[in-house]
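So this block is my_file-v6.txt, compact mmCIF, C-alpha atoms:
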# COMPACT_ATOMS: atom_id res chain seq x y z
CA MET A 24 -13.45 16.33 -6.20
CA HIS A 25 -15.92 13.93 -4.55
CA PHE A 26 -14.46 10.50 -3.84
CA ASP A 27 -15.97 8.11 -6.39
CA VAL A 28 -15.44 4.58 -5.02
CA THR A 29 -18.32 3.16 -2.99
CA LEU A 30 -18.69 0.29 -0.56
CA ALA A 31 -20.75 -1.46 -3.24
CA ASP A 32 -17.87 -1.08 -5.71
CA ILE A 33 -15.52 -2.70 -3.21
CA GLN A 34 -17.91 -5.55 -2.45
CA ALA A 35 -18.26 -6.25 -6.18
CA ALA A 36 -14.48 -6.21 -6.58
CA ALA A 37 -14.08 -8.67 -3.71
CA VAL A 38 -16.42 -11.10 -5.46
CA ARG A 39 -14.61 -10.64 -8.79
CA ILE A 40 -11.12 -11.36 -7.45
CA ALA A 41 -12.10 -14.13 -5.01
CA GLY A 42 -10.00 -17.20 -5.74
CA LYS A 43 -7.32 -15.14 -7.48
CA ILE A 44 -5.76 -13.75 -4.29
CA ARG A 45 -5.00 -15.05 -0.81
CA ARG A 46 -7.26 -14.24 2.11
CA THR A 47 -4.38 -13.26 4.33
CA PRO A 48 -4.63 -13.88 8.08
CA THR A 49 -5.90 -11.42 10.65
CA PHE A 50 -5.00 -12.38 14.20
CA TYR A 51 -4.44 -11.18 17.75
CA SER A 52 -0.85 -10.21 18.58
CA ALA A 53 0.06 -10.74 22.22
CA GLY A 54 3.40 -8.95 21.80
CA LEU A 55 1.98 -5.83 20.18
CA SER A 56 -0.95 -5.79 22.59
CA ALA A 57 1.53 -5.67 25.47
CA ARG A 58 3.50 -2.84 23.84
CA LEU A 59 0.43 -0.78 22.96
CA GLY A 60 -1.50 -1.42 26.16
CA VAL A 61 -4.69 -2.46 24.34
CA GLU A 62 -5.86 -5.51 22.41
CA THR A 63 -4.18 -5.39 19.01
CA VAL A 64 -4.84 -7.40 15.85
CA VAL A 65 -2.71 -7.49 12.70
CA LYS A 66 -3.73 -8.05 9.09
CA VAL A 67 -0.69 -9.85 7.67
CA GLU A 68 -0.97 -8.77 4.05
CA SER A 69 2.78 -9.23 3.75
CA LEU A 70 1.89 -12.88 3.00
CA GLN A 71 -0.13 -11.90 -0.08
CA LEU A 72 0.79 -13.12 -3.57
CA GLY A 73 3.52 -10.89 -4.94
CA GLY A 74 4.46 -9.84 -1.42
CA SER A 75 1.95 -7.03 -0.99
CA PHE A 76 -1.69 -5.91 -1.26
CA LYS A 77 -1.15 -4.64 -4.79
CA VAL A 78 -2.41 -7.78 -6.57
CA ARG A 79 -5.90 -7.03 -5.23
CA GLY A 80 -6.31 -3.88 -7.27
CA CYS A 81 -4.41 -5.22 -10.26
CA PHE A 82 -6.60 -8.29 -10.61
CA ASN A 83 -9.72 -6.14 -10.33
CA LYS A 84 -8.41 -3.76 -12.99
CA LEU A 85 -7.16 -6.32 -15.51
CA MET A 86 -10.18 -8.61 -15.09
CA GLY A 87 -12.30 -5.65 -16.17
CA LEU A 88 -10.40 -5.14 -19.45
CA SER A 89 -11.72 -6.42 -22.78
CA GLU A 90 -9.90 -9.12 -24.75
CA ARG A 91 -8.82 -6.43 -27.20
CA GLU A 92 -7.37 -4.29 -24.42
CA LEU A 93 -5.55 -7.27 -22.92
CA ALA A 94 -4.11 -8.09 -26.35
CA ARG A 95 -2.66 -4.57 -26.59
CA GLY A 96 -0.96 -4.95 -23.23
CA VAL A 97 -0.70 -2.78 -20.13
CA VAL A 98 1.83 -0.17 -19.08
CA THR A 99 2.44 1.12 -15.59
CA VAL A 100 4.74 3.31 -13.52
CA SER A 101 6.17 1.83 -10.34
CA GLY A 102 9.46 1.30 -8.58
CA GLY A 103 8.08 -1.27 -6.21
CA ASN A 104 5.15 -3.43 -5.23
CA HIS A 105 2.77 -2.27 -7.96
CA ALA A 106 5.37 -3.22 -10.58
CA ILE A 107 5.61 -6.73 -9.14
CA ALA A 108 1.83 -7.06 -8.91
CA VAL A 109 1.19 -5.88 -12.48
CA ALA A 110 3.82 -8.33 -13.71
CA LEU A 111 2.28 -11.21 -11.76
CA VAL A 112 -1.32 -10.49 -12.75
CA ALA A 113 -0.47 -9.86 -16.41
CA LYS A 114 1.43 -13.14 -16.55
CA THR A 115 -1.54 -14.95 -15.01
CA MET A 116 -3.84 -13.45 -17.64
CA GLY A 117 -1.50 -13.89 -20.60
CA CYS A 118 -1.07 -10.15 -21.12
CA ARG A 119 2.03 -8.13 -22.02
CA ALA A 120 3.22 -5.84 -19.20
CA LEU A 121 5.59 -2.91 -19.63
CA VAL A 122 6.80 -1.40 -16.35
CA LEU A 123 8.42 2.04 -16.29
CA MET A 124 10.67 2.35 -13.25
CA PRO A 125 12.79 5.19 -11.87
CA GLN A 126 16.45 4.27 -12.19
CA ASN A 127 16.88 4.40 -8.40
CA ALA A 128 14.34 1.59 -7.91
CA ALA A 129 15.51 -1.19 -5.61
CA THR A 130 17.32 -3.96 -7.50
CA PHE A 131 15.19 -6.50 -5.62
CA ASN A 132 11.98 -5.02 -7.08
CA VAL A 133 13.37 -4.67 -10.60
CA GLU A 134 14.51 -8.27 -10.71
CA MET A 135 11.30 -9.56 -9.15
CA ALA A 136 9.13 -7.83 -11.77
CA ARG A 137 11.43 -8.99 -14.58
CA SER A 138 11.37 -12.59 -13.31
CA LEU A 139 7.58 -12.52 -13.55
CA GLY A 140 7.76 -11.65 -17.24
CA ALA A 141 7.43 -7.86 -17.26
CA GLU A 142 9.42 -5.73 -19.67
CA ILE A 143 11.33 -3.11 -17.67
CA GLU A 144 12.22 0.36 -18.91
CA LEU A 145 14.25 2.52 -16.54
CA CYS A 146 13.57 6.27 -16.49
CA ALA A 147 15.39 9.20 -14.93
CA ASP A 148 12.65 9.59 -12.30
CA SER A 149 8.96 9.00 -11.68
CA ILE A 150 7.94 12.24 -13.37
CA GLU A 151 9.57 11.13 -16.64
CA ALA A 152 8.06 7.66 -16.21
CA PHE A 153 4.51 9.02 -15.87
CA ALA A 154 4.99 11.11 -19.03
CA LYS A 155 6.21 8.06 -20.95
CA ALA A 156 3.26 6.03 -19.69
CA ASP A 157 0.93 8.59 -21.26
CA ASP A 158 2.80 8.19 -24.55
CA TYR A 159 2.42 4.40 -24.51
CA ALA A 160 -1.28 4.77 -23.64
CA ALA A 161 -1.70 7.03 -26.67
CA GLN A 162 -0.30 4.16 -28.73
CA GLY A 163 -3.02 1.80 -27.47
CA MET A 164 -1.73 0.24 -24.28
CA THR A 165 -3.83 0.48 -21.09
CA ASN A 166 -2.17 2.64 -18.45
CA VAL A 167 -2.67 0.95 -15.07
CA HIS A 168 -2.11 3.78 -12.59
CA SER A 169 -0.79 2.49 -9.31
CA TYR A 170 -3.19 4.45 -7.11
CA ASP A 171 -5.40 6.93 -9.01
CA ASP A 172 -7.81 4.44 -10.56
CA PRO A 173 -11.26 3.51 -9.18
CA ALA A 174 -10.83 -0.18 -10.12
CA ILE A 175 -7.45 -0.37 -8.40
CA ILE A 176 -8.81 1.35 -5.30
CA ALA A 177 -11.91 -0.89 -5.17
CA GLY A 178 -9.75 -4.01 -5.40
CA HIS A 179 -7.52 -2.82 -2.58
CA GLY A 180 -10.62 -2.17 -0.50
CA SER A 181 -11.29 -5.91 -0.39
CA LEU A 182 -8.66 -6.07 2.35
CA GLY A 183 -10.85 -3.85 4.51
CA LEU A 184 -13.82 -6.21 4.11
CA GLU A 185 -11.66 -9.16 5.18
CA MET A 186 -10.17 -7.36 8.14
CA ASN A 187 -13.59 -6.24 9.34
CA ASN A 188 -14.88 -9.82 9.17
CA ASP A 189 -11.82 -11.51 10.65
CA ALA A 190 -10.84 -9.14 13.49
CA GLY A 191 -12.91 -11.00 16.10
CA GLY A 192 -15.05 -7.98 16.94
CA ARG A 193 -15.18 -4.28 16.13
CA LEU A 194 -12.04 -2.18 15.99
CA ASP A 195 -11.69 1.35 17.35
CA HIS A 196 -8.49 2.33 15.52
CA VAL A 197 -6.82 1.10 12.34
CA PHE A 198 -3.38 2.20 11.13
CA ILE A 199 -2.57 2.00 7.43
CA SER A 200 0.35 3.27 5.38
CA ILE A 201 0.03 5.88 2.63
CA GLY A 202 2.05 6.22 -0.56
CA GLY A 203 -0.08 7.84 -3.20
CA GLY A 204 -3.18 7.13 -1.12
CA GLY A 205 -5.05 4.54 -3.18
CA PHE A 206 -4.67 1.73 -0.65
CA ALA A 207 -5.81 3.86 2.29
CA ALA A 208 -8.68 5.14 0.13
CA GLY A 209 -9.99 1.66 -0.64
CA VAL A 210 -9.54 0.23 2.83
CA GLY A 211 -10.95 3.41 4.35
CA ALA A 212 -14.05 3.32 2.15
CA ALA A 213 -14.62 -0.33 3.05
CA MET A 214 -14.06 -0.15 6.79
CA LYS A 215 -15.69 3.23 7.40
CA GLY A 216 -18.55 2.13 5.17
CA LEU A 217 -19.12 -0.81 7.49
CA ASP A 218 -18.39 1.06 10.73
CA PRO A 219 -18.52 4.88 10.52
CA ALA A 220 -17.26 5.21 14.12
CA LEU A 221 -13.93 3.54 13.30
CA ARG A 222 -10.94 5.90 13.41
CA ILE A 223 -8.41 5.34 10.64
CA HIS A 224 -4.89 6.74 10.99
CA GLY A 225 -2.76 7.17 7.89
CA VAL A 226 0.99 6.64 8.16
CA GLU A 227 3.81 8.18 6.14
CA THR A 228 7.57 8.11 6.61
CA GLU A 229 9.76 11.20 6.71
CA GLY A 230 10.86 11.87 3.15
CA ALA A 231 7.71 10.32 1.66
CA THR A 232 4.98 12.77 2.66
CA ALA A 233 3.11 13.31 -0.61
CA MET A 234 -0.31 13.18 1.06
CA THR A 235 0.55 15.43 4.01
CA GLN A 236 2.01 18.06 1.71
CA ALA A 237 -0.95 17.85 -0.68
CA LEU A 238 -3.52 18.27 2.10
CA GLU A 239 -1.58 21.22 3.55
CA ALA A 240 -1.40 22.89 0.13
CA GLY A 241 -4.97 22.02 -0.84
CA LYS A 242 -3.77 20.46 -4.09
CA PRO A 243 -1.38 17.75 -5.34
CA VAL A 244 2.26 18.74 -4.76
CA PRO A 245 5.07 17.02 -6.69
CA ILE A 246 7.80 15.73 -4.38
CA ARG A 247 11.08 13.86 -4.76
CA PRO A 248 10.90 11.12 -2.12
CA THR A 249 13.99 10.43 0.00
CA SER A 250 12.68 7.83 2.48
CA ILE A 251 14.11 4.32 2.56
CA ALA A 252 10.46 3.21 2.34
CA ARG A 253 10.63 3.32 -1.45
CA THR A 254 7.23 1.70 -1.88
CA LEU A 255 5.70 4.73 -0.14
CA GLY A 256 7.60 7.05 -2.47
CA ALA A 257 4.75 8.32 -4.63
CA PRO A 258 5.78 11.53 -6.45
CA PHE A 259 2.36 13.11 -5.76
CA ALA A 260 -1.07 12.46 -4.30
CA THR A 261 -4.09 13.06 -6.53
CA GLU A 262 -7.40 14.87 -6.20
CA ARG A 263 -9.13 11.49 -5.87
CA THR A 264 -6.90 10.15 -3.11
CA MET A 265 -6.89 13.51 -1.34
CA ALA A 266 -10.70 13.44 -1.30
CA ALA A 267 -10.59 9.97 0.26
CA ALA A 268 -8.04 11.07 2.87
CA ARG A 269 -10.23 14.01 3.89
CA GLN A 270 -13.27 11.73 4.12
CA PHE A 271 -11.83 8.70 5.90
CA LEU A 272 -8.64 9.57 7.79
CA GLU A 273 -8.55 10.81 11.36
CA ASP A 274 -4.98 12.05 10.94
CA ILE A 275 -1.63 11.18 9.39
CA VAL A 276 1.29 10.05 11.55
CA ILE A 277 4.76 10.71 10.13
CA VAL A 278 7.40 8.19 11.21
CA PRO A 279 11.22 8.52 11.00
CA ASP A 280 12.93 5.93 8.82
CA ALA A 281 14.94 4.75 11.83
CA GLU A 282 11.74 3.80 13.67
CA ALA A 283 10.49 1.82 10.67
CA VAL A 284 13.77 -0.13 10.60
CA ARG A 285 13.59 -0.75 14.36
CA GLU A 286 10.14 -2.29 13.95
CA ILE A 287 11.23 -4.49 11.03
CA THR A 288 13.66 -6.10 13.47
CA TRP A 289 11.17 -6.33 16.35
CA VAL A 290 8.40 -7.89 14.25
CA LEU A 291 10.75 -10.36 12.58
CA GLN A 292 12.21 -11.48 15.90
CA ASN A 293 9.00 -11.48 17.93
CA GLY A 294 6.28 -12.09 15.36
CA ARG A 295 8.23 -14.21 12.87
CA VAL A 296 6.95 -12.00 10.04
CA LEU A 297 9.10 -10.18 7.48
CA LEU A 298 8.00 -6.62 6.73
CA GLU A 299 9.25 -3.90 4.42
CA PRO A 300 9.56 -0.35 5.84
CA ALA A 301 6.22 0.66 4.29
CA ALA A 302 4.58 -1.91 6.60
CA SER A 303 6.71 -1.69 9.71
CA CYS A 304 6.15 2.08 9.89
CA VAL A 305 2.55 1.32 10.87
CA VAL A 306 3.76 -0.40 14.04
CA ALA A 307 5.95 2.60 14.84
CA ALA A 308 3.02 4.96 14.26
CA ALA A 309 0.76 3.05 16.65
CA LEU A 310 3.47 3.18 19.32
CA ALA A 311 3.78 6.92 18.80
CA ARG A 312 0.02 7.31 19.37
CA LYS A 313 -0.43 4.77 22.18
CA GLU A 314 -1.33 7.45 24.74
CA MET A 315 -4.61 8.12 22.94
CA PHE A 316 -5.88 4.53 23.26
CA LYS A 317 -8.51 4.10 25.96
CA PRO A 318 -8.94 1.00 28.14
CA GLY A 319 -11.03 -1.61 26.34
CA GLU A 320 -10.34 -0.24 22.85
CA ARG A 321 -9.10 -2.52 20.07
CA VAL A 322 -6.45 -1.55 17.52
CA GLY A 323 -5.82 -2.99 14.06
CA LEU A 324 -2.56 -2.72 12.13
CA VAL A 325 -2.41 -3.34 8.38
CA LEU A 326 0.97 -4.89 7.56
CA CYS A 327 0.90 -4.23 3.84
CA GLY A 328 4.00 -5.87 2.34
CA SER A 329 7.25 -7.81 2.60
CA ASN A 330 9.21 -6.94 -0.55
CA VAL A 331 12.58 -6.08 0.90
CA ALA A 332 16.10 -7.44 0.46
CA LEU A 333 17.80 -8.78 3.58
CA ASP A 334 20.98 -6.95 2.56
CA ASP A 335 19.05 -3.67 2.65
CA ILE A 336 17.76 -4.40 6.14
CA ALA A 337 21.29 -5.13 7.33
CA ALA A 338 22.57 -1.87 5.78
CA TRP A 339 19.74 0.16 7.32
CA ARG A 340 20.37 -1.31 10.77
CA THR A 341 23.98 -0.21 10.48
CA GLN A 342 23.01 3.21 9.11
CA PHE A 343 20.53 3.94 11.90
CA GLY A 344 22.24 2.02 14.68
CA VAL A 345 19.20 -0.16 15.47
Take the structure from the file and write it as structure tokens.
Amino acid sequence: MHFDVTLADIQAAAVRIAGKIRRTPTFYSAGLSARLGVETVVKVESLQLGGSFKVRGCFNKLMGLSERELARGVVTVSGGNHAIAVALVAKTMGCRALVLMPQNAATFNVEMARSLGAEIELCADSIEAFAKADDYAAQGMTNVHSYDDPAIIAGHGSLGLEMNNDAGGRLDHVFISIGGGGFAAGVGAAMKGLDPALRIHGVETEGATAMTQALEAGKPVPIRPTSIARTLGAPFATERTMAAARQFLEDIVIVPDAEAVREITWVLQNGRVLLEPAASCVVAAALARKEMFKPGERVGLVLCGSNVALDDIAAWRTQFGV
């Protein structure tokens, strides 16, 4: 499959959702620059509405629906940030939202989506949830896929436009986390579209390697994620997101859960920013690759979300001894 989201699509999405989302800060980090040995900037998307980048794609998707489609409501599958974003955007637009969640979804995410007005239906696992979503779509609801949708991907790409404009000069490397691959696809299309020489490094955590396994197999591979980074726990990549990964990613760095937890603590103490494991793993990945940075290069880290319970962080620190 040829990747079907263009820079023009992303620029149009950015115009459409302007005023609906926050333009989150991009700034120089002295602490991370010292640790990585090169000038480092961070895009603090953890401060976005709903606690993650997901509202970007959701606003772009729902704003493109007809009044009739909005009246019928939307259904989606998510155990994490996409669930919260769909709930928030649907509430803003006066639209019914039904969220199908695996029963092992974090209580924090379930309650957050419910508090925003979504109807929650728990399923045995993500595979069952995706099947049920198809059934609801057949009944007339719009299925808002969390990562295999051109409108979702284009909306997410708006972050790449902002980061490119706000980084204070060109970047040589950007690290971005991968779940199902829609976020990296959109940001990759935006940033590589503006600067083809930029090197983008995808990041997964051990136990949530849907994209790595798909690329190795040459086709989507269903997995049962085990990583604590639940918001990276996509059950499969897709042909669309695989095509984007092949086109835009330099490589994929796989990070142990323990390293993601260690960086949650470091960033909170030193940067005063709360991150979930799906975001902190990007810091760990850059540290693992620091030997490849050349003097004078500039590195960008996309800190994608902050939806995590403090009790979970405390339990993980005990579990991993960090």
Any idea what the distance is between CA of Phe198 (chain A) and CA of Ala240 (chain A)? 23.5 Å
So that I can see what lies close to region 172-186 of chain A, please list as a count of residues only the residues with an atom at most 9 Å from it, counting all atoms listed in the file and leaving out residues fewer than 5 positions away in the same chain. 46
So which residues touch Leu88 (chain A) within 12 Å, counting all atoms listed in the file, skipping near sequence neighbours fewer than 6 positions away, as an MDAnalysis selection string? chainID A and resid 81:82 94:97 113 116 118 164:167 174
Nearest residue to Gly203 (chain A) from the set A:Ala154, A:Ala57, A:Val122, A:Val244 (distances using all atoms listed in the file): A:Val244
One decimal, Å: what's the distance from CA of Thr63 (chain A) over to CA of Arg193 (chain A), could you say?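 Spanning CA of Thr63 (chain A) to CA of Arg193 (chain A) is a straight-line distance of 11.4 Å.
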Region 339-345 of chain A environment, 10 Å, only C-alpha atoms, sequence neighbours closer than 4 positions dropped, as an NGL selection string: :A and (251 or 280-288 or 333-335)
Given the choices A:Ala332, A:Leu93, A:Met24, A:Leu145, which gets closest to Ala266 (chain A) if the distance is worked out from all atoms listed in the file?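 Using all atoms listed in the file, Ala266 (chain A) sits closest to A:Met24.
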As an exercise, work out the distance from CA of Ser56 (chain A) to CA of Asn188 (chain A) in Å and give it to one decimal place. 19.8 Å
Contacts of His224 (chain A) at 12 Å or less, counting all atoms listed in the file, minus same-chain residues fewer than 3 places along, as a PyMOL selection string? chain A and resi 195-201+207-208+210-211+215+221+227+268-277+305-306+308-309+311-312+322-325
Please determine an axis-aligned box that encloses all atoms of region 326-342 of chain A listed in the file, with 5 Å added on each side, and express its centre and edge lengths in Å to one decimal as lines of an AutoDock Vina configuration file.
center_x = 12.4
center_y = -2.8
center_z = 5.1
size_x = 33.1
size_y = 22.0
size_z = 21.3
Closest atom pairs, region 228-259 of chain A residues within 9 Å of region 98-112 of chain A, only C-alpha atoms, as JSON lines:
{"residue": "A:Arg253", "atom": "CA", "partner": "A:Gly103", "partner_atom": "CA", "distance": 7.1}
{"residue": "A:Thr254", "atom": "CA", "partner": "A:Gly103", "partner_atom": "CA", "distance": 5.3}
{"residue": "A:Leu255", "atom": "CA", "partner": "A:Gly103", "partner_atom": "CA", "distance": 8.9}
{"residue": "A:Gly256", "atom": "CA", "partner": "A:Gly102", "partner_atom": "CA", "distance": 8.6}
{"residue": "A:Ala257", "atom": "CA", "partner": "A:Ser101", "partner_atom": "CA", "distance": 8.8}
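If you measure from each of A:Ala267, A:Val64, A:Ala136, A:Ala301 to Pro279 (chain A) using only C-alpha atoms, the closest one turns out to be A:Ala301.
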